[in-house]
$ cat start.cif   # mmCIF, C-alpha atoms
data_upload
loop_
_atom_site.group_PDB
_atom_site.id
_atom_site.type_symbol
_atom_site.label_atom_id
_atom_site.label_comp_id
_atom_site.auth_asym_id
_atom_site.auth_seq_id
_atom_site.Cartn_x
_atom_site.Cartn_y
_atom_site.Cartn_z
ATOM 1 C CA LEU A 54 24.656 -39.113 144.937
ATOM 2 C CA HIS A 55 22.904 -40.713 141.983
ATOM 3 C CA ALA A 56 22.883 -44.134 143.633
ATOM 4 C CA ARG A 57 21.539 -42.699 146.896
ATOM 5 C CA ILE A 58 18.717 -40.880 145.090
ATOM 6 C CA VAL A 59 17.846 -44.004 143.087
ATOM 7 C CA LEU A 60 17.840 -46.300 146.114
ATOM 8 C CA THR A 61 15.938 -43.886 148.357
ATOM 9 C CA SER A 62 13.269 -43.007 145.800
ATOM 10 C CA THR A 63 12.838 -46.643 144.755
ATOM 11 C CA LEU A 64 12.456 -47.776 148.364
ATOM 12 C CA ALA A 65 9.976 -44.969 149.089
ATOM 13 C CA LEU A 66 7.884 -45.842 146.025
ATOM 14 C CA LEU A 67 7.914 -49.554 146.862
ATOM 15 C CA LEU A 68 6.900 -49.036 150.486
ATOM 16 C CA ALA A 69 4.274 -46.364 149.811
ATOM 17 C CA GLY A 70 2.826 -48.289 146.866
ATOM 18 C CA THR A 71 2.686 -51.547 148.801
ATOM 19 C CA VAL A 72 0.890 -49.983 151.764
ATOM 20 C CA PHE A 73 -1.487 -48.093 149.478
ATOM 21 C CA PHE A 74 -2.402 -51.215 147.474
ATOM 22 C CA MET A 75 -2.859 -53.216 150.669
ATOM 23 C CA LEU A 76 -5.359 -50.612 151.884
ATOM 24 C CA SER A 77 -7.143 -49.673 148.647
ATOM 25 C CA GLU A 78 -7.301 -53.098 147.004
ATOM 26 C CA ARG A 79 -7.345 -55.252 150.159
ATOM 27 C CA MET A 80 -4.357 -57.237 148.915
ATOM 28 C CA ASP A 81 -1.956 -59.301 150.960
ATOM 29 C CA ALA A 82 1.560 -57.867 151.347
ATOM 30 C CA LEU A 83 3.206 -59.920 148.600
ATOM 31 C CA ASN A 84 0.585 -59.128 145.954
ATOM 32 C CA ALA A 85 0.590 -55.466 146.987
ATOM 33 C CA LEU A 86 4.384 -55.370 146.648
ATOM 34 C CA PHE A 87 4.148 -56.980 143.203
ATOM 35 C CA GLN A 88 1.459 -54.486 142.177
ATOM 36 C CA SER A 89 3.699 -51.656 143.417
ATOM 37 C CA VAL A 90 6.675 -52.860 141.365
ATOM 38 C CA THR A 91 5.088 -53.916 138.091
ATOM 39 C CA PRO A 92 3.719 -50.540 136.875
ATOM 40 C CA ARG A 93 7.191 -49.003 137.173
ATOM 41 C CA THR A 94 9.178 -51.720 135.484
ATOM 42 C CA ALA A 95 7.881 -54.971 134.088
ATOM 43 C CA GLY A 96 4.280 -54.450 133.049
ATOM 44 C CA PHE A 97 3.361 -57.954 134.179
ATOM 45 C CA SER A 98 -0.256 -58.083 135.193
ATOM 46 C CA GLY A 99 -0.936 -60.071 138.345
ATOM 47 C CA ILE A 100 -4.547 -58.886 138.358
ATOM 48 C CA ASP A 101 -7.053 -57.639 135.818
ATOM 49 C CA MET A 102 -6.445 -53.870 135.636
ATOM 50 C CA THR A 103 -10.143 -53.250 135.057
ATOM 51 C CA THR A 104 -10.861 -54.549 138.571
ATOM 52 C CA LEU A 105 -8.738 -51.887 140.287
ATOM 53 C CA SER A 106 -10.548 -49.380 142.462
ATOM 54 C CA GLU A 107 -10.441 -45.711 141.448
ATOM 55 C CA PRO A 108 -7.595 -44.963 143.913
ATOM 56 C CA GLY A 109 -5.781 -48.121 142.772
ATOM 57 C CA SER A 110 -6.074 -47.047 139.128
ATOM 58 C CA ILE A 111 -4.761 -43.569 139.912
ATOM 59 C CA LEU A 112 -1.808 -44.928 141.892
ATOM 60 C CA THR A 113 -0.994 -47.332 139.070
ATOM 61 C CA MET A 114 -1.001 -44.442 136.604
ATOM 62 C CA VAL A 115 1.258 -42.375 138.878
ATOM 63 C CA LEU A 116 3.678 -45.285 139.250
ATOM 64 C CA MET A 117 3.691 -45.843 135.475
ATOM 65 C CA PHE A 118 4.351 -42.126 134.921
ATOM 66 C CA ILE A 119 7.303 -42.150 137.342
ATOM 67 C CA GLY A 120 8.716 -45.359 135.939
ATOM 68 C CA GLY A 121 12.095 -46.823 136.803
ATOM 69 C CA SER A 122 15.510 -45.388 137.427
ATOM 70 C CA PRO A 123 18.021 -44.125 134.863
ATOM 71 C CA GLY A 124 20.146 -46.855 133.394
ATOM 72 C CA SER A 125 17.288 -49.358 133.509
ATOM 73 C CA THR A 126 15.121 -50.390 130.597
ATOM 74 C CA ALA A 127 12.035 -49.089 132.409
ATOM 75 C CA GLY A 128 10.186 -46.137 130.953
ATOM 76 C CA GLY A 129 8.581 -43.134 132.603
ATOM 77 C CA VAL A 130 10.087 -39.834 133.640
ATOM 78 C CA LYS A 131 12.469 -41.696 135.996
ATOM 79 C CA THR A 132 12.773 -41.726 139.757
ATOM 80 C CA THR A 133 15.633 -39.233 139.807
ATOM 81 C CA THR A 134 13.653 -36.699 137.778
ATOM 82 C CA VAL A 135 10.744 -36.885 140.214
ATOM 83 C CA ALA A 136 13.121 -36.654 143.189
ATOM 84 C CA VAL A 137 14.808 -33.528 141.789
ATOM 85 C CA ILE A 138 11.437 -31.892 141.093
ATOM 86 C CA LEU A 139 10.155 -32.763 144.566
ATOM 87 C CA ILE A 140 13.278 -31.471 146.326
ATOM 88 C CA SER A 141 13.384 -28.302 144.202
ATOM 89 C CA THR A 142 9.716 -27.640 144.995
ATOM 90 C CA LEU A 143 10.412 -28.013 148.708
ATOM 91 C CA ALA A 144 13.402 -25.666 148.391
ATOM 92 C CA TYR A 145 11.234 -23.129 146.561
ATOM 93 C CA LEU A 146 8.557 -23.303 149.266
ATOM 94 C CA GLN A 147 11.240 -22.666 151.893
ATOM 95 C CA GLU A 148 12.544 -19.766 149.772
ATOM 96 C CA ASP A 149 15.898 -21.499 149.469
ATOM 97 C CA ASN A 150 17.785 -20.757 146.249
ATOM 98 C CA ASN A 151 19.955 -23.865 146.625
ATOM 99 C CA VAL A 152 18.492 -27.246 145.774
ATOM 100 C CA THR A 153 20.322 -29.816 147.870
ATOM 101 C CA ILE A 154 19.878 -33.557 148.157
ATOM 102 C CA PHE A 155 21.881 -35.463 150.760
ATOM 103 C CA LYS A 156 23.923 -32.306 151.429
ATOM 104 C CA LYS A 157 24.918 -32.080 147.752
ATOM 105 C CA ARG A 158 23.884 -29.112 145.638
ATOM 106 C CA ILE A 159 21.935 -29.819 142.449
ATOM 107 C CA GLU A 160 22.750 -27.459 139.587
ATOM 108 C CA GLU A 161 19.943 -25.237 138.325
ATOM 109 C CA LYS A 162 20.498 -26.723 134.867
ATOM 110 C CA MET A 163 19.537 -30.161 136.201
ATOM 111 C CA VAL A 164 16.422 -28.781 137.893
ATOM 112 C CA ARG A 165 15.338 -27.121 134.634
ATOM 113 C CA ARG A 166 15.988 -30.327 132.718
ATOM 114 C CA ALA A 167 13.937 -32.384 135.214
ATOM 115 C CA CYS A 168 11.046 -29.926 135.001
ATOM 116 C CA SER A 169 11.258 -29.900 131.194
ATOM 117 C CA ILE A 170 11.151 -33.687 130.973
ATOM 118 C CA ALA A 171 8.133 -33.884 133.279
ATOM 119 C CA PHE A 172 6.375 -31.086 131.379
ATOM 120 C CA ILE A 173 6.953 -32.798 128.030
ATOM 121 C CA TYR A 174 5.569 -36.089 129.370
ATOM 122 C CA PHE A 175 2.547 -34.313 130.903
ATOM 123 C CA SER A 176 1.924 -32.461 127.641
ATOM 124 C CA MET A 177 2.130 -35.602 125.520
ATOM 125 C CA ILE A 178 -0.202 -37.434 127.897
ATOM 126 C CA PHE A 179 -2.681 -34.548 128.000
ATOM 127 C CA VAL A 180 -2.798 -33.890 124.258
ATOM 128 C CA CYS A 181 -2.955 -37.541 123.224
ATOM 129 C CA SER A 182 -5.563 -38.377 125.874
ATOM 130 C CA MET A 183 -7.733 -35.498 124.706
ATOM 131 C CA VAL A 184 -7.435 -36.499 121.040
ATOM 132 C CA ILE A 185 -8.282 -40.138 121.768
ATOM 133 C CA SER A 186 -11.153 -39.226 124.106
ATOM 134 C CA PHE A 187 -12.649 -36.982 121.394
ATOM 135 C CA ALA A 188 -12.349 -39.765 118.825
ATOM 136 C CA GLU A 189 -13.509 -42.676 120.963
ATOM 137 C CA PRO A 190 -16.650 -43.178 123.096
ATOM 138 C CA VAL A 191 -14.773 -44.361 126.203
ATOM 139 C CA GLN A 192 -14.085 -43.275 129.774
ATOM 140 C CA ILE A 193 -11.246 -40.777 130.259
ATOM 141 C CA LYS A 194 -9.739 -42.930 133.040
ATOM 142 C CA GLU A 195 -9.308 -45.827 130.631
ATOM 143 C CA VAL A 196 -7.821 -43.537 127.976
ATOM 144 C CA LEU A 197 -5.386 -42.010 130.480
ATOM 145 C CA PHE A 198 -4.373 -45.469 131.654
ATOM 146 C CA GLU A 199 -3.618 -46.648 128.101
ATOM 147 C CA VAL A 200 -1.808 -43.425 127.151
ATOM 148 C CA ILE A 201 0.375 -43.375 130.274
ATOM 149 C CA SER A 202 1.133 -47.074 129.857
ATOM 150 C CA ALA A 203 2.157 -46.439 126.235
ATOM 151 C CA VAL A 204 4.385 -43.411 126.853
ATOM 152 C CA ALA A 205 5.969 -45.081 129.888
ATOM 153 C CA THR A 206 6.431 -48.305 127.874
ATOM 154 C CA VAL A 207 4.834 -50.347 130.645
ATOM 155 C CA GLY A 208 2.587 -52.789 128.827
ATOM 156 C CA LEU A 209 -0.348 -52.750 131.242
ATOM 157 C CA SER A 210 -3.808 -52.279 129.809
ATOM 158 C CA MET A 211 -7.425 -51.852 130.799
ATOM 159 C CA ASN A 212 -8.309 -53.872 127.685
ATOM 160 C CA LEU A 213 -9.151 -50.712 125.763
ATOM 161 C CA THR A 214 -6.478 -50.704 123.059
ATOM 162 C CA ALA A 215 -7.975 -53.573 121.068
ATOM 163 C CA THR A 216 -11.275 -51.696 120.732
ATOM 164 C CA LEU A 217 -9.732 -48.417 119.523
ATOM 165 C CA SER A 218 -9.768 -47.112 115.959
ATOM 166 C CA PHE A 219 -6.662 -47.274 113.772
ATOM 167 C CA ALA A 220 -5.916 -43.575 114.377
ATOM 168 C CA SER A 221 -6.027 -43.973 118.166
ATOM 169 C CA LYS A 222 -3.844 -47.074 117.982
ATOM 170 C CA ALA A 223 -1.378 -45.120 115.829
ATOM 171 C CA ILE A 224 -1.215 -42.419 118.516
ATOM 172 C CA LEU A 225 -0.399 -45.081 121.117
ATOM 173 C CA ILE A 226 2.304 -46.534 118.851
ATOM 174 C CA VAL A 227 3.942 -43.112 118.438
ATOM 175 C CA LEU A 228 3.771 -42.649 122.216
ATOM 176 C CA MET A 229 5.523 -45.990 122.718
ATOM 177 C CA TYR A 230 8.367 -44.898 120.446
ATOM 178 C CA ALA A 231 8.548 -41.514 122.182
ATOM 179 C CA GLY A 232 8.661 -43.213 125.559
ATOM 180 C CA ARG A 233 11.337 -45.660 124.483
ATOM 181 C CA LEU A 234 13.563 -42.912 123.068
ATOM 182 C CA GLY A 235 12.825 -40.564 125.937
ATOM 183 C CA ALA A 236 10.481 -37.611 125.632
ATOM 184 C CA LEU A 237 13.234 -34.995 125.458
ATOM 185 C CA THR A 238 15.112 -36.895 122.745
ATOM 186 C CA PHE A 239 11.893 -37.497 120.814
ATOM 187 C CA ILE A 240 10.891 -33.817 120.898
ATOM 188 C CA MET A 241 14.398 -32.693 119.879
ATOM 189 C CA MET A 242 14.359 -35.222 117.041
ATOM 190 C CA LEU A 243 11.137 -33.695 115.696
#
$ encode --input "start.cif" --output "structure tokens"
Amino acid sequence: LHARIVLTSTLALLLAGTVFFMLSERMDALNALFQSVTPRTAGFSGIDMTTLSEPGSILTMVLMFIGGSPGSTAGGVKTTTVAVILISTLAYLQEDNNVTIFKKRIEEKMVRRACSIAFIYFSMIFVCSMVISFAEPVQIKEVLFEVISAVATVGLSMNLTATLSFASKAILIVLMYAGRLGALTFIMML
């Protein structure tokens, strides 16, 4: 089941991201595929992130937030977490008490854990973005991009980090450690 969820969600993210980047950034298929992969795993920058369109920036942030699959060195909330949340939301909307993926029932404990992980990541991103945006005279989109990249341990940047104060850089460093350990582990550690 785990392998099927990983492969299906990864393929869906690759295809959707590639098509979206082809349309929003007017990229050829190979560059769009690369741009769809890199925010979730490697953090290699094939283009200057500051040149992305608004939709391209948002998609990049979403892909960074989702990240890779469990067992990989990629950060983010993980593809399986997003898949469980998506499927449980669909089950809730259909008033179905059983969350099933590929005809296999997902325990309620796993659904709660997936929702908790996503909530912790969202909370860290929100709080840290607000603190940095209060302290720095910069656009919120750029702050969000840097914060999500830090907590998802991606390594992409809109060239903002170098211009930030020591306190804002320290926040990003803590986020990188939290992202590397995993948000749930980091919160439990504190």
$ residues_near_point --input "start.cif" --point "(14.2, -39.1, 139.0)" --cutoff "9 Å" --atoms "only C-alpha atoms" --output "PyMOL selection string"
chain A and resi 58-59+62+119-123+130-138+167
$ resolve_selection --input "start.cif" --expression "the PyMOL selection byres ((chain A and resi 129) around 12)" --output "PyMOL selection string"
chain A and resi 92-95+114-123+125-128+130-135+170-171+173-175+178+200-208+228-229+231-237
$ residues_near_point --input "start.cif" --point "(-4.1, -50.4, 129.1)" --cutoff "10 Å" --atoms "only C-alpha atoms" --output "ChimeraX atom specification"
/A:102-103,195-203,207-215
$ resolve_selection --input "start.cif" --expression "the PyMOL selection byres ((chain A and resi 88) around 10)" --output "NGL selection string"
:A and (67 or 70-71 or 74-75 or 80 or 82-87 or 89-93 or 96-100 or 109 or 113 or 116)
$ atom_distance --input "start.cif" --atom1 "CA of Ile154 (chain A)" --atom2 "CA of Thr142 (chain A)"
12.2 Å
$ closest_residue --input "start.cif" --among "A:Ile140, A:Met177, A:Cys168, A:Met241" --to "Lys156 (chain A)" --atoms "only C-alpha atoms"
A:Ile140
$ atom_distance --input "start.cif" --atom1 "CA of Ser221 (chain A)" --atom2 "CA of Ala188 (chain A)"
7.6 Å
$ atom_distance --input "start.cif" --atom1 "CA of Ser106 (chain A)" --atom2 "CA of Tyr230 (chain A)"
29.4 Å
$ decode --input "start.cif" --residues "region 127-140 of chain A" --atoms "all heavy atoms" --output "mmCIF file, in the first residue's frame"
data_model
loop_
_atom_site.group_PDB
_atom_site.id
_atom_site.type_symbol
_atom_site.label_atom_id
_atom_site.label_comp_id
_atom_site.auth_asym_id
_atom_site.auth_seq_id
_atom_site.Cartn_x
_atom_site.Cartn_y
_atom_site.Cartn_z
ATOM 1 N N ALA A 127 14.426 13.873 1.206
ATOM 2 C CA ALA A 127 13.672 15.101 0.918
ATOM 3 C C ALA A 127 12.878 15.535 2.145
ATOM 4 O O ALA A 127 12.485 14.724 2.978
ATOM 5 C CB ALA A 127 12.728 14.860 -0.257
ATOM 6 N N GLY A 128 12.655 16.827 2.240
ATOM 7 C CA GLY A 128 11.888 17.370 3.351
ATOM 8 C C GLY A 128 10.414 17.464 3.021
ATOM 9 O O GLY A 128 9.907 16.743 2.172
ATOM 10 N N GLY A 129 9.736 18.387 3.688
ATOM 11 C CA GLY A 129 8.309 18.593 3.463
ATOM 12 C C GLY A 129 7.460 17.658 4.303
ATOM 13 O O GLY A 129 7.969 16.839 5.065
ATOM 14 N N VAL A 130 6.145 17.805 4.155
ATOM 15 C CA VAL A 130 5.235 16.986 4.948
ATOM 16 C C VAL A 130 5.173 15.552 4.449
ATOM 17 O O VAL A 130 4.690 14.684 5.149
ATOM 18 C CB VAL A 130 3.811 17.583 5.019
ATOM 19 C CG1 VAL A 130 3.814 18.909 5.722
ATOM 20 C CG2 VAL A 130 3.170 17.661 3.664
ATOM 21 N N LYS A 131 5.604 15.310 3.257
ATOM 22 C CA LYS A 131 5.687 14.005 2.581
ATOM 23 C C LYS A 131 4.432 13.722 1.752
ATOM 24 O O LYS A 131 3.327 14.123 2.093
ATOM 25 C CB LYS A 131 5.943 12.832 3.545
ATOM 26 C CG LYS A 131 7.160 13.006 4.419
ATOM 27 C CD LYS A 131 8.436 13.033 3.612
ATOM 28 C CE LYS A 131 9.640 13.106 4.535
ATOM 29 N NZ LYS A 131 10.806 13.630 3.915
ATOM 30 N N THR A 132 4.667 13.031 0.668
ATOM 31 C CA THR A 132 3.588 12.725 -0.282
ATOM 32 C C THR A 132 2.507 11.863 0.350
ATOM 33 O O THR A 132 1.321 12.052 0.075
ATOM 34 C CB THR A 132 4.153 12.008 -1.514
ATOM 35 O OG1 THR A 132 4.868 10.836 -1.097
ATOM 36 C CG2 THR A 132 5.073 12.907 -2.312
ATOM 37 N N THR A 133 2.899 10.928 1.190
ATOM 38 C CA THR A 133 1.906 10.042 1.809
ATOM 39 C C THR A 133 1.012 10.795 2.778
ATOM 40 O O THR A 133 -0.180 10.503 2.871
ATOM 41 C CB THR A 133 2.595 8.873 2.536
ATOM 42 O OG1 THR A 133 3.589 9.408 3.424
ATOM 43 C CG2 THR A 133 3.252 7.917 1.558
ATOM 44 N N THR A 134 1.566 11.761 3.485
ATOM 45 C CA THR A 134 0.773 12.574 4.410
ATOM 46 C C THR A 134 -0.291 13.348 3.645
ATOM 47 O O THR A 134 -1.461 13.368 4.040
ATOM 48 C CB THR A 134 1.687 13.549 5.184
ATOM 49 O OG1 THR A 134 2.654 12.790 5.908
ATOM 50 C CG2 THR A 134 0.895 14.421 6.127
ATOM 51 N N VAL A 135 0.104 13.973 2.546
ATOM 52 C CA VAL A 135 -0.845 14.734 1.736
ATOM 53 C C VAL A 135 -1.897 13.811 1.139
ATOM 54 O O VAL A 135 -3.088 14.147 1.110
ATOM 55 C CB VAL A 135 -0.107 15.538 0.640
ATOM 56 C CG1 VAL A 135 -1.078 16.183 -0.335
ATOM 57 C CG2 VAL A 135 0.788 16.587 1.278
ATOM 58 N N ALA A 136 -1.484 12.623 0.688
ATOM 59 C CA ALA A 136 -2.441 11.670 0.118
ATOM 60 C C ALA A 136 -3.465 11.232 1.160
ATOM 61 O O ALA A 136 -4.667 11.181 0.871
ATOM 62 C CB ALA A 136 -1.705 10.451 -0.444
ATOM 63 N N VAL A 137 -3.025 10.937 2.370
ATOM 64 C CA VAL A 137 -3.951 10.522 3.432
ATOM 65 C C VAL A 137 -4.923 11.646 3.771
ATOM 66 O O VAL A 137 -6.123 11.416 3.931
ATOM 67 C CB VAL A 137 -3.177 10.042 4.685
ATOM 68 C CG1 VAL A 137 -4.094 9.905 5.885
ATOM 69 C CG2 VAL A 137 -2.467 8.726 4.401
ATOM 70 N N ILE A 138 -4.423 12.879 3.854
ATOM 71 C CA ILE A 138 -5.299 14.013 4.148
ATOM 72 C C ILE A 138 -6.312 14.220 3.026
ATOM 73 O O ILE A 138 -7.503 14.437 3.276
ATOM 74 C CB ILE A 138 -4.478 15.294 4.402
ATOM 75 C CG1 ILE A 138 -3.688 15.156 5.700
ATOM 76 C CG2 ILE A 138 -5.379 16.525 4.440
ATOM 77 C CD1 ILE A 138 -2.680 16.262 5.932
ATOM 78 N N LEU A 139 -5.857 14.136 1.796
ATOM 79 C CA LEU A 139 -6.753 14.308 0.647
ATOM 80 C C LEU A 139 -7.841 13.237 0.623
ATOM 81 O O LEU A 139 -9.030 13.544 0.490
ATOM 82 C CB LEU A 139 -5.949 14.287 -0.657
ATOM 83 C CG LEU A 139 -6.754 14.415 -1.941
ATOM 84 C CD1 LEU A 139 -7.404 15.788 -2.036
ATOM 85 C CD2 LEU A 139 -5.864 14.169 -3.137
ATOM 86 N N ILE A 140 -7.449 11.985 0.790
ATOM 87 C CA ILE A 140 -8.414 10.881 0.767
ATOM 88 C C ILE A 140 -9.361 10.961 1.955
ATOM 89 O O ILE A 140 -10.568 10.717 1.823
ATOM 90 C CB ILE A 140 -7.682 9.517 0.739
ATOM 91 C CG1 ILE A 140 -6.856 9.392 -0.540
ATOM 92 C CG2 ILE A 140 -8.655 8.368 0.866
ATOM 93 C CD1 ILE A 140 -7.635 9.458 -1.833
#
